[in-house]
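> Please find one structure pasted underneath; my questions will follow.
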Amino acid sequence: MSKLKFSRAWSVIFLGIISSSISNTNIVRASQDETATNNVPIQPSQEKEPHWGYGGVHNPTKWGELSPEFAACENGNNQSPVDIHSVEISPVHQATSAGIEFNYQPTPLEVVNTGHTIQVNYAEGSSVKIDSQEYKLKQFHFHTPSEHRFNGEAYAMEAHLVHQNQNGEYAVIGLLIEPGSENKLLKNIWENIPERGQVKAVSEVTINVANLLPRNELHYHYLGSLTTPPCSEGVNWYIFREPIQASLEQIQQFHAIYSVNSRPIQPINNRHIKFEG
Ligand SMILES: [Zn+2]
C-alpha cells in the first residue's frame with residue numbers, strides 16, 4: 001500500500017472509530033462483567049508514580065514537569081519515538097547485522113489494564129539474543145496510533161515487546177499494526193481485558209508472542225528511550241519494517257478503551273537509524 005493510500009485509509013478508519021466507539025464500549029463492558037471474579041488490583045507500588053497522561057494538564061509536553069524523576073522526558077537528547085525518515089537511515093550499516101535470535105515460549109495469559117495501556121505480562125523463560133547479549137521478555141503492550149512513524153505517517157497501532165538484560169538495559173521490539181485480517185493472538189487478549197487498574201490472570205489460556213511477529217525480520221535499529229515516564233534513555237529499539245495486521249473491529253475495540261495513548265515524535269538529534277536484518 002502506498003503512503004498516500006495508507007493516509008487516506010487511516011482517515012476513514014479514524015472516522016469509523018469515532019462513530020462506533022459507543023457500541024464498542026458496551027461490548028467491552030459486557031465481557032468484563034462476566035469475568036470480574038479473577039480480577040485483582042495492580043500492586044500498590046505500581047500506582048505511586050505521579051499522574052501522567054496523553055491529554056489535559058498531564059499531556060506529554062508536561063511530563064518533564066510532573067516529577068524530578070521524569071526530567072529526561074524534557075531534557076533528554078535521545079528520546080523516543082522518532083520518525084523513521086528515509087534520508088536519515090544510515091546507508092553504511094544497511095543489512096549488516098546477524099539479526100535477532102528469538103527464544104519465545106508459550107505463557108499463561110495475564111492481562112493488565114494499567115490505566116495507560118493494555119499490557120500482557122510474560123512468564124520467565126522467553127528471551128531474545130542480540131549481538132550475543134540475552135534480553136529477557138518481560139511484557140508487551142499496545143499504543144494507538146503508532147508511536148513510531150515512517151516518513152511522517154503513523155500506523156493504526158503499535159505493539160511494544162519489552163525485554164531487559166541482566167544489567168537492567170532495555171531492548172524493545174516495535175511492531176506496526178495495520179487494519180486487515182483478524183489477529184488471533186489479539187483476540188485472546190481483547191477477550192480478557194480487565195477494568196482499569198486491574199490484572200486478570202487466565203491460567204487456562206496460553207499464548208505465544210512469537211505468533212505476533214511478521215514473517216520478514218528486517219528492522220530499523222536506533223538508540224532511544226522509554227516512550228512513557230520516566231522516559232529513561234539507553235533503550236535499544238528494533239522497529240520491524242513489515243507491519244502486522246488486526247481487524248478494523250479489533251482496532252476499534254482498543255480505541256474504545258484508549259482513544260489515544262501515543263507520545264508525539266521526538267527530535268532525532270545526532271542519532272543514526274540503521275537498517276538491519
Ligand atoms: Zn510502549
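Labels used: A, B, ... for chains in the order of the C-alpha cells, numbers from 1 for residues in each chain, and numbers from 1 for ligands as shown.
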Do you know which residues are within 9 Å of ligand 1 using only C-alpha atoms and all ligand atoms? Can you write them as a ChimeraX atom specification?

/A:117,140-143,147,158-162,172,174,226-228,262

> Hey, which of A:Leu66, A:Ile189, A:Gly56, A:Lys136 ends up closest to A:Thr206? Count only C-alpha atoms.

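Checking each candidate against A:Thr206, we get A:Ile189 as the closest.
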
> Any chance you could list, as a count of residues only, the residues in stretch 51-193 of chain A that come up helix (DSSP H, G or I) when DSSP is run on the backbone?

31

> Kindly indicate which residue among A:Ile239, A:Val209, A:Ile268, A:Val260 lies nearest to A:Lys184, using only C-alpha atoms for the distances.

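Among A:Ile239, A:Val209, A:Ile268, A:Val260, it is A:Val209 that comes nearest to A:Lys184.
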
> Counting only C-alpha atoms, which of A:Pro108, A:Pro267, A:Gly99, A:Gly277 gets nearest to A:Gly224?

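When distances to A:Gly224 are compared using only C-alpha atoms, the smallest one comes from A:Pro267.
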
> Determine the nearest neighbour of A:Ile244 from the options A:Ala72, A:Val205, A:Leu186, A:Ile265, counting only C-alpha atoms.

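The closest residue to A:Ile244 is A:Leu186.
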